[in-house]
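Student: Mind having a look at this structure? Questions to follow.
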Amino acid sequence: MPILINSIKETVEEQVLIANCCRCNDAIHQMSSRPLTIFTTLAFSRVQTELESNKPFSRLLAPFGAFEDDSPEIQVDCRFTVDERDMVVHETRWSATTGNSLEQILKTRGVDTVVISGLSLSGVVMSTIYRLFDLDYNIHVITNNVLELPVDQNTALSEVLLDTLLPKMNLRAISLSEALQALD
């Protein structure tokens, strides 16, 4: 989603995150029999009826922009391969499962394990983890493919969330190398 990626534009962290996510994305797209890939983007109607003004969530999003449905800013970043076998769903809160049919898609496809990459670690990623955890999914987070915003908080939050919290929940933080090996 360019609107969030733009908040770290032209930083070392952006370059590393995009390179890592592209490596994983490219590896998946080279497979003949590949796992379901779902991209989620935060998006609201033009008048943002989904957001109550001056509330914590709307105040958190305000510095990033409007997240207007169908605008270029909420599309999947053009550096990622998205084809007819991929899915793109819009979310209306941090959790990728909110405001869409993601839970139903996972259920009807028989998915029991979800591998997560994305921005922002303490927001979208953790909200999605908590919801999918409550639904008894096996969850793996690719440590090289998640980033906290602002980036100066990434190391501290990663240590707490990925190294301490996930193991307490019996969930796995995996490296990009482990994720790529699992695809072979």
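Scheme for the structure tokens: letters A, B, ... for chains in order shown; per-chain residue numbers from 1; ligand numbers from 1 in order shown.
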Write out as a list in words each polymer residue whose atoms come within 9 Å of A:Ile38, counting only C-alpha atoms; drop sequence neighbours fewer than 3 positions from it.
Tutor: Asp86, Met87, Val88, Val89 and Leu102 of chain A
Student: If you keep C-alpha atoms, can you produce a file of those selected residues as an mmCIF file, in the first residue's frame?
Tutor:
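Output below, filename result_21.cif:
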data_model
loop_
_atom_site.group_PDB
_atom_site.id
_atom_site.type_symbol
_atom_site.label_atom_id
_atom_site.label_comp_id
_atom_site.auth_asym_id
_atom_site.auth_seq_id
_atom_site.Cartn_x
_atom_site.Cartn_y
_atom_site.Cartn_z
ATOM 1 C CA ASP A 86 -3.844 -13.359 -6.121
ATOM 2 C CA MET A 87 -6.519 -11.654 -4.086
ATOM 3 C CA VAL A 88 -6.682 -8.038 -2.939
ATOM 4 C CA VAL A 89 -9.105 -7.199 -0.140
ATOM 5 C CA LEU A 102 -11.072 -12.411 4.493
#
Student: List the spatial neighbours of A:Arg79 as a ChimeraX atom specification - criterion: any atom at most 9 Å away, only C-alpha atoms, same-chain residues fewer than 2 positions off excluded.
Tutor: /A:18,22,76-77,81
Student: Within stretch 25-86 of chain A, find each residue whose DSSP state, derived from the backbone, is helix (DSSP H, G or I), and express the selection as a PyMOL selection string.
Tutor: chain A and resi 25-29+56-61+72-74
Student: For the selection you just gave me, I'd like the residues written to a file as a CSV table (one decimal), in the first residue's frame, keeping all heavy atoms.
Tutor:
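Written out: part24.csv:
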chain,number,residue,atom,x,y,z
A,25,ASN,N,7.6,-12.6,-2.6
A,25,ASN,CA,6.5,-12.5,-3.6
A,25,ASN,C,6.9,-13.1,-4.9
A,25,ASN,O,6.2,-13.9,-5.5
A,25,ASN,CB,6.2,-11.0,-3.7
A,25,ASN,CG,5.1,-10.7,-4.7
A,25,ASN,OD1,5.3,-10.3,-5.8
A,25,ASN,ND2,3.8,-11.0,-4.3
A,26,ASP,N,8.1,-12.8,-5.3
A,26,ASP,CA,8.6,-13.4,-6.6
A,26,ASP,C,8.8,-14.9,-6.5
A,26,ASP,O,8.4,-15.6,-7.5
A,26,ASP,CB,10.0,-12.8,-7.0
A,26,ASP,CG,9.9,-11.3,-7.3
A,26,ASP,OD1,8.7,-10.8,-7.6
A,26,ASP,OD2,10.9,-10.6,-7.4
A,27,ALA,N,9.3,-15.4,-5.4
A,27,ALA,CA,9.4,-16.8,-5.2
A,27,ALA,C,8.1,-17.5,-5.3
A,27,ALA,O,7.9,-18.6,-5.9
A,27,ALA,CB,10.1,-17.2,-3.9
A,28,ILE,N,7.1,-16.9,-4.7
A,28,ILE,CA,5.7,-17.5,-4.7
A,28,ILE,C,5.2,-17.5,-6.2
A,28,ILE,O,4.6,-18.5,-6.6
A,28,ILE,CB,4.8,-16.8,-3.8
A,28,ILE,CG1,5.1,-17.1,-2.3
A,28,ILE,CG2,3.3,-17.1,-4.1
A,28,ILE,CD1,4.5,-16.2,-1.3
A,29,HIS,N,5.4,-16.4,-6.9
A,29,HIS,CA,4.8,-16.3,-8.2
A,29,HIS,C,5.6,-17.2,-9.2
A,29,HIS,O,5.1,-17.4,-10.4
A,29,HIS,CB,4.8,-14.8,-8.7
A,29,HIS,CG,3.6,-14.1,-8.1
A,29,HIS,ND1,3.7,-13.5,-6.8
A,29,HIS,CD2,2.4,-13.9,-8.5
A,29,HIS,CE1,2.5,-13.0,-6.5
A,29,HIS,NE2,1.7,-13.2,-7.5
A,56,PRO,N,-9.4,7.8,18.4
A,56,PRO,CA,-8.0,7.3,18.4
A,56,PRO,C,-7.6,6.8,17.0
A,56,PRO,O,-6.5,7.1,16.5
A,56,PRO,CB,-8.0,6.2,19.5
A,56,PRO,CG,-9.0,6.6,20.5
A,56,PRO,CD,-10.1,7.2,19.6
A,57,PHE,N,-8.4,5.9,16.4
A,57,PHE,CA,-8.0,5.3,15.1
A,57,PHE,C,-7.9,6.4,14.0
A,57,PHE,O,-6.9,6.4,13.2
A,57,PHE,CB,-8.9,4.2,14.7
A,57,PHE,CG,-8.5,3.4,13.5
A,57,PHE,CD1,-7.3,2.6,13.6
A,57,PHE,CD2,-9.2,3.4,12.4
A,57,PHE,CE1,-6.8,1.9,12.5
A,57,PHE,CE2,-8.8,2.6,11.3
A,57,PHE,CZ,-7.6,1.9,11.4
A,58,SER,N,-8.9,7.3,13.9
A,58,SER,CA,-8.9,8.3,12.9
A,58,SER,C,-7.7,9.3,13.1
A,58,SER,O,-7.1,9.7,12.2
A,58,SER,CB,-10.2,9.0,12.8
A,58,SER,OG,-10.5,9.7,14.0
A,59,ARG,N,-7.4,9.6,14.4
A,59,ARG,CA,-6.3,10.5,14.6
A,59,ARG,C,-5.0,9.8,14.3
A,59,ARG,O,-4.0,10.5,13.8
A,59,ARG,CB,-6.3,10.9,16.1
A,59,ARG,CG,-7.4,11.9,16.5
A,59,ARG,CD,-7.2,12.5,17.8
A,59,ARG,NE,-7.1,11.6,18.9
A,59,ARG,CZ,-8.1,11.2,19.7
A,59,ARG,NH1,-9.3,11.6,19.5
A,59,ARG,NH2,-7.8,10.3,20.7
A,60,LEU,N,-4.9,8.5,14.5
A,60,LEU,CA,-3.7,7.8,14.1
A,60,LEU,C,-3.4,7.8,12.6
A,60,LEU,O,-2.3,7.9,12.1
A,60,LEU,CB,-3.8,6.3,14.6
A,60,LEU,CG,-2.6,5.4,14.3
A,60,LEU,CD1,-1.4,5.8,15.1
A,60,LEU,CD2,-3.0,4.0,14.6
A,61,LEU,N,-4.5,7.7,11.8
A,61,LEU,CA,-4.4,7.6,10.4
A,61,LEU,C,-4.2,9.0,9.7
A,61,LEU,O,-3.6,9.1,8.6
A,61,LEU,CB,-5.6,7.0,9.8
A,61,LEU,CG,-5.9,5.5,10.1
A,61,LEU,CD1,-7.1,5.0,9.4
A,61,LEU,CD2,-4.7,4.6,9.7
A,72,PRO,N,-5.0,5.8,-6.1
A,72,PRO,CA,-3.7,5.1,-6.3
A,72,PRO,C,-2.9,4.8,-5.0
A,72,PRO,O,-2.2,3.9,-4.9
A,72,PRO,CB,-2.9,6.1,-7.2
A,72,PRO,CG,-3.9,7.0,-7.8
A,72,PRO,CD,-5.1,7.0,-6.8
A,73,GLU,N,-3.2,5.7,-4.0
A,73,GLU,CA,-2.4,5.5,-2.7
A,73,GLU,C,-2.8,4.3,-2.0
A,73,GLU,O,-2.0,3.8,-1.1
A,73,GLU,CB,-2.7,6.7,-1.8
A,73,GLU,CG,-2.1,8.0,-2.3
A,73,GLU,CD,-3.0,8.7,-3.4
A,73,GLU,OE1,-4.2,8.4,-3.5
A,73,GLU,OE2,-2.5,9.6,-4.1
A,74,ILE,N,-3.9,3.6,-2.2
A,74,ILE,CA,-4.2,2.4,-1.5
A,74,ILE,C,-4.1,1.2,-2.3
A,74,ILE,O,-4.4,0.1,-1.8
A,74,ILE,CB,-5.7,2.5,-0.9
A,74,ILE,CG1,-6.8,2.6,-1.9
A,74,ILE,CG2,-5.8,3.7,0.1
A,74,ILE,CD1,-7.5,1.4,-2.2
Student: So, counting only C-alpha atoms, which residue among A:Ile174, A:Leu42, A:Cys21, A:Asp152 is closest to A:Ser117?
Tutor: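 Under the stated criterion, the closest residue is A:Cys21.
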Student: Name the residues in contact with A:Asp136 at a cut-off of 12 Å, using only C-alpha atoms, excluding same-chain residues fewer than 3 positions from it; report them as a short mmCIF file (atom, residue, chain, number, x, y, z; two decimals) with all heavy atoms, in the first residue's frame.
Tutor:
data_model
loop_
_atom_site.label_atom_id
_atom_site.label_comp_id
_atom_site.auth_asym_id
_atom_site.auth_seq_id
_atom_site.Cartn_x
_atom_site.Cartn_y
_atom_site.Cartn_z
N GLU A 103 -11.95 -13.60 6.43
CA GLU A 103 -12.17 -14.80 7.24
C GLU A 103 -12.92 -15.87 6.46
O GLU A 103 -12.57 -17.05 6.51
CB GLU A 103 -12.95 -14.45 8.51
CG GLU A 103 -12.13 -13.66 9.51
CD GLU A 103 -12.92 -13.31 10.76
OE1 GLU A 103 -13.87 -14.04 11.13
OE2 GLU A 103 -12.59 -12.28 11.38
N LEU A 106 -10.55 -17.48 3.81
CA LEU A 106 -9.63 -18.45 4.42
C LEU A 106 -10.36 -19.75 4.75
O LEU A 106 -9.85 -20.85 4.50
CB LEU A 106 -8.98 -17.86 5.68
CG LEU A 106 -8.07 -16.65 5.46
CD1 LEU A 106 -7.62 -16.09 6.80
CD2 LEU A 106 -6.88 -17.00 4.58
N LYS A 107 -11.56 -19.63 5.29
CA LYS A 107 -12.34 -20.81 5.68
C LYS A 107 -12.73 -21.64 4.47
O LYS A 107 -12.54 -22.86 4.44
CB LYS A 107 -13.59 -20.39 6.46
CG LYS A 107 -14.40 -21.55 6.97
CD LYS A 107 -15.59 -21.07 7.77
CE LYS A 107 -16.43 -22.26 8.21
NZ LYS A 107 -17.63 -21.85 8.92
N VAL A 111 -7.78 -22.97 4.44
CA VAL A 111 -6.49 -22.49 4.96
C VAL A 111 -6.44 -22.70 6.47
O VAL A 111 -7.39 -22.37 7.18
CB VAL A 111 -6.30 -20.99 4.62
CG1 VAL A 111 -5.06 -20.42 5.29
CG2 VAL A 111 -6.25 -20.79 3.11
N ASP A 112 -5.35 -23.28 6.96
CA ASP A 112 -5.18 -23.41 8.40
C ASP A 112 -3.91 -22.72 8.90
O ASP A 112 -3.71 -22.56 10.09
CB ASP A 112 -5.18 -24.88 8.83
CG ASP A 112 -3.98 -25.66 8.32
OD1 ASP A 112 -3.19 -25.12 7.52
OD2 ASP A 112 -3.83 -26.82 8.72
N THR A 113 -3.06 -22.29 7.97
CA THR A 113 -1.81 -21.61 8.31
C THR A 113 -1.71 -20.32 7.50
O THR A 113 -1.93 -20.32 6.29
CB THR A 113 -0.60 -22.51 8.02
OG1 THR A 113 -0.72 -23.71 8.78
CG2 THR A 113 0.71 -21.80 8.38
N VAL A 114 -1.39 -19.25 8.20
CA VAL A 114 -1.27 -17.94 7.56
C VAL A 114 0.15 -17.43 7.81
O VAL A 114 0.64 -17.47 8.94
CB VAL A 114 -2.31 -16.95 8.12
CG1 VAL A 114 -2.14 -15.57 7.52
CG2 VAL A 114 -3.72 -17.47 7.90
N ILE A 129 -2.82 -10.68 13.65
CA ILE A 129 -2.38 -11.87 14.40
C ILE A 129 -3.37 -12.19 15.51
O ILE A 129 -3.79 -13.34 15.66
CB ILE A 129 -0.96 -11.66 14.97
CG1 ILE A 129 0.07 -11.71 13.84
CG2 ILE A 129 -0.64 -12.69 16.05
CD1 ILE A 129 1.46 -11.26 14.26
N TYR A 130 -3.75 -11.20 16.29
CA TYR A 130 -4.68 -11.46 17.40
C TYR A 130 -6.01 -12.04 16.90
O TYR A 130 -6.54 -12.98 17.48
CB TYR A 130 -4.94 -10.19 18.22
CG TYR A 130 -3.83 -9.85 19.17
CD1 TYR A 130 -3.24 -8.59 19.14
CD2 TYR A 130 -3.37 -10.77 20.11
CE1 TYR A 130 -2.22 -8.26 20.01
CE2 TYR A 130 -2.35 -10.44 20.99
CZ TYR A 130 -1.78 -9.19 20.94
OH TYR A 130 -0.77 -8.88 21.80
N ARG A 131 -6.54 -11.47 15.83
CA ARG A 131 -7.82 -11.97 15.30
C ARG A 131 -7.69 -13.39 14.78
O ARG A 131 -8.52 -14.26 15.08
CB ARG A 131 -8.35 -11.04 14.21
CG ARG A 131 -9.65 -11.50 13.60
CD ARG A 131 -10.76 -11.55 14.64
NE ARG A 131 -11.95 -12.14 14.05
CZ ARG A 131 -12.86 -12.81 14.72
NH1 ARG A 131 -12.75 -12.97 16.02
NH2 ARG A 131 -13.90 -13.32 14.10
N LEU A 132 -6.65 -13.67 13.99
CA LEU A 132 -6.48 -15.01 13.44
C LEU A 132 -6.12 -16.02 14.54
O LEU A 132 -6.51 -17.18 14.47
CB LEU A 132 -5.43 -14.99 12.33
CG LEU A 132 -5.81 -14.19 11.09
CD1 LEU A 132 -4.67 -14.17 10.09
CD2 LEU A 132 -7.09 -14.71 10.46
N PHE A 133 -5.39 -15.58 15.54
CA PHE A 133 -5.09 -16.43 16.69
C PHE A 133 -6.39 -16.84 17.39
O PHE A 133 -6.58 -18.02 17.73
CB PHE A 133 -4.17 -15.67 17.66
CG PHE A 133 -3.87 -16.41 18.93
CD1 PHE A 133 -2.93 -17.43 18.95
CD2 PHE A 133 -4.52 -16.07 20.12
CE1 PHE A 133 -2.64 -18.11 20.13
CE2 PHE A 133 -4.23 -16.74 21.30
CZ PHE A 133 -3.29 -17.76 21.31
N ILE A 139 0.01 -19.38 12.72
CA ILE A 139 0.47 -18.11 12.18
C ILE A 139 1.99 -18.07 12.22
O ILE A 139 2.61 -18.40 13.24
CB ILE A 139 -0.10 -16.93 12.98
CG1 ILE A 139 -1.64 -16.97 12.97
CG2 ILE A 139 0.42 -15.60 12.45
CD1 ILE A 139 -2.28 -16.08 14.00
N MET A 169 2.47 -17.04 22.64
CA MET A 169 1.19 -17.40 22.02
C MET A 169 1.30 -18.70 21.22
O MET A 169 0.35 -19.08 20.55
CB MET A 169 0.73 -16.25 21.10
CG MET A 169 0.48 -14.94 21.81
SD MET A 169 0.21 -13.56 20.65
CE MET A 169 -1.39 -14.00 19.97
N ASN A 170 2.45 -19.35 21.28
CA ASN A 170 2.73 -20.55 20.49
C ASN A 170 2.66 -20.28 18.99
O ASN A 170 2.22 -21.12 18.21
CB ASN A 170 1.78 -21.70 20.87
CG ASN A 170 2.02 -22.17 22.28
OD1 ASN A 170 3.17 -22.40 22.66
ND2 ASN A 170 0.97 -22.27 23.07
N LEU A 171 3.12 -19.10 18.61
CA LEU A 171 3.18 -18.70 17.21
C LEU A 171 4.65 -18.54 16.84
O LEU A 171 5.50 -18.39 17.70
CB LEU A 171 2.43 -17.39 16.98
CG LEU A 171 0.96 -17.40 17.39
CD1 LEU A 171 0.35 -16.02 17.19
CD2 LEU A 171 0.18 -18.46 16.64
#
Student: Set the distance at 12 Å and use only C-alpha atoms: which residues neighbour stretch 1-10 of chain A once local chain neighbours fewer than 6 positions away are removed? I'd like the list as an MDAnalysis selection string.
Tutor: chainID A and resid 16:18 39:43 61:80 88:91 118:120 123:124 146:152
Student: If you run DSSP on the backbone, which residues of chain A are strand (DSSP E), as a ChimeraX atom specification?
Tutor: /A:38-42,87-91,113-119,138-147,172-174
Student: Limited to N, CA, C and O atoms, could you put the picked residues into a file as a short mmCIF file (atom, residue, chain, number, x, y, z; two decimals), in the first residue's frame?
Tutor:
data_model
loop_
_atom_site.label_atom_id
_atom_site.label_comp_id
_atom_site.auth_asym_id
_atom_site.auth_seq_id
_atom_site.Cartn_x
_atom_site.Cartn_y
_atom_site.Cartn_z
N ILE A 38 -2.80 -13.24 -0.50
CA ILE A 38 -3.81 -12.20 -0.31
C ILE A 38 -3.12 -10.93 0.13
O ILE A 38 -2.38 -10.92 1.12
N PHE A 39 -3.35 -9.85 -0.59
CA PHE A 39 -2.87 -8.53 -0.22
C PHE A 39 -4.05 -7.81 0.43
O PHE A 39 -5.18 -7.88 -0.08
N THR A 40 -3.80 -7.10 1.52
CA THR A 40 -4.86 -6.29 2.12
C THR A 40 -4.41 -4.84 2.13
O THR A 40 -3.23 -4.54 2.29
N THR A 41 -5.36 -3.96 1.92
CA THR A 41 -5.08 -2.53 1.97
C THR A 41 -6.16 -1.84 2.78
O THR A 41 -7.34 -2.18 2.69
N LEU A 42 -5.74 -0.88 3.55
CA LEU A 42 -6.68 -0.08 4.33
C LEU A 42 -7.35 0.89 3.37
O LEU A 42 -6.67 1.59 2.61
N MET A 87 -5.32 -12.37 -4.53
CA MET A 87 -6.52 -11.65 -4.09
C MET A 87 -6.09 -10.36 -3.43
O MET A 87 -5.06 -10.31 -2.75
N VAL A 88 -6.89 -9.31 -3.62
CA VAL A 88 -6.68 -8.04 -2.94
C VAL A 88 -7.98 -7.71 -2.23
O VAL A 88 -9.05 -7.65 -2.87
N VAL A 89 -7.91 -7.55 -0.92
CA VAL A 89 -9.11 -7.20 -0.14
C VAL A 89 -8.82 -5.93 0.65
O VAL A 89 -7.69 -5.68 1.07
N HIS A 90 -9.85 -5.13 0.82
CA HIS A 90 -9.72 -3.89 1.57
C HIS A 90 -10.17 -4.13 3.00
O HIS A 90 -11.11 -4.87 3.24
N GLU A 91 -9.48 -3.47 3.91
CA GLU A 91 -9.83 -3.55 5.33
C GLU A 91 -10.21 -2.15 5.79
O GLU A 91 -9.80 -1.16 5.18
N THR A 113 -3.06 -22.29 7.97
CA THR A 113 -1.81 -21.61 8.31
C THR A 113 -1.71 -20.32 7.50
O THR A 113 -1.93 -20.32 6.29
N VAL A 114 -1.39 -19.25 8.20
CA VAL A 114 -1.27 -17.94 7.56
C VAL A 114 0.15 -17.43 7.81
O VAL A 114 0.64 -17.47 8.94
N VAL A 115 0.78 -16.92 6.75
CA VAL A 115 2.10 -16.33 6.84
C VAL A 115 1.92 -14.84 6.60
O VAL A 115 1.33 -14.44 5.60
N ILE A 116 2.44 -14.03 7.51
CA ILE A 116 2.17 -12.59 7.48
C ILE A 116 3.43 -11.77 7.24
O ILE A 116 4.47 -12.02 7.84
N SER A 117 3.29 -10.77 6.37
CA SER A 117 4.29 -9.73 6.12
C SER A 117 3.56 -8.41 6.12
O SER A 117 2.36 -8.37 5.82
N GLY A 118 4.25 -7.30 6.41
CA GLY A 118 3.60 -6.01 6.22
C GLY A 118 3.98 -4.91 7.17
O GLY A 118 4.82 -5.06 8.04
N LEU A 119 3.32 -3.79 6.97
CA LEU A 119 3.41 -2.59 7.79
C LEU A 119 2.08 -2.45 8.51
O LEU A 119 1.06 -2.79 7.95
N ASN A 138 -2.83 -21.32 12.52
CA ASN A 138 -1.38 -21.36 12.73
C ASN A 138 -0.84 -20.12 12.04
O ASN A 138 -1.20 -19.85 10.89
N ILE A 139 0.01 -19.38 12.72
CA ILE A 139 0.47 -18.11 12.18
C ILE A 139 1.99 -18.07 12.22
O ILE A 139 2.61 -18.40 13.24
N HIS A 140 2.57 -17.65 11.10
CA HIS A 140 4.01 -17.41 11.00
C HIS A 140 4.19 -15.96 10.53
O HIS A 140 3.52 -15.54 9.59
N VAL A 141 5.07 -15.25 11.17
CA VAL A 141 5.38 -13.87 10.77
C VAL A 141 6.81 -13.86 10.24
O VAL A 141 7.73 -14.31 10.92
N ILE A 142 6.97 -13.37 9.02
CA ILE A 142 8.31 -13.28 8.45
C ILE A 142 8.98 -12.04 9.02
O ILE A 142 8.61 -10.91 8.68
N THR A 143 9.95 -12.25 9.90
CA THR A 143 10.56 -11.14 10.64
C THR A 143 11.19 -10.09 9.73
O THR A 143 11.14 -8.90 10.03
N ASN A 144 11.77 -10.52 8.61
CA ASN A 144 12.41 -9.59 7.69
C ASN A 144 11.40 -8.81 6.86
O ASN A 144 11.78 -7.88 6.15
N ASN A 145 10.13 -9.21 6.92
CA ASN A 145 9.10 -8.63 6.07
C ASN A 145 8.07 -7.83 6.84
O ASN A 145 6.97 -7.60 6.35
N VAL A 146 8.39 -7.45 8.06
CA VAL A 146 7.51 -6.58 8.84
C VAL A 146 8.33 -5.40 9.35
O VAL A 146 9.53 -5.51 9.56
N LEU A 147 7.66 -4.28 9.53
CA LEU A 147 8.35 -3.07 9.96
C LEU A 147 7.39 -2.23 10.78
O LEU A 147 6.21 -2.11 10.44
N ARG A 172 4.92 -18.54 15.53
CA ARG A 172 6.31 -18.51 15.08
C ARG A 172 6.65 -17.26 14.30
O ARG A 172 5.95 -16.87 13.39
N ALA A 173 7.78 -16.70 14.70
CA ALA A 173 8.43 -15.67 13.89
C ALA A 173 9.51 -16.41 13.11
O ALA A 173 10.31 -17.14 13.68
N ILE A 174 9.48 -16.27 11.79
CA ILE A 174 10.44 -16.97 10.94
C ILE A 174 11.22 -15.97 10.10
O ILE A 174 10.74 -14.86 9.84
#
Student: Work out how far atom CA of A:Lys168 is from atom CA of A:Leu135, in Å to one decimal.
Tutor: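 If I compute the distance from atom CA of A:Leu135 to atom CA of A:Lys168, I get 16.8 Å.
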Student: Looking at A:Gln48, A:Asn20, A:Thr92, A:Ser158, which one is nearest to A:Ser177, with distances taken over only C-alpha atoms?
Tutor: A:Asn20
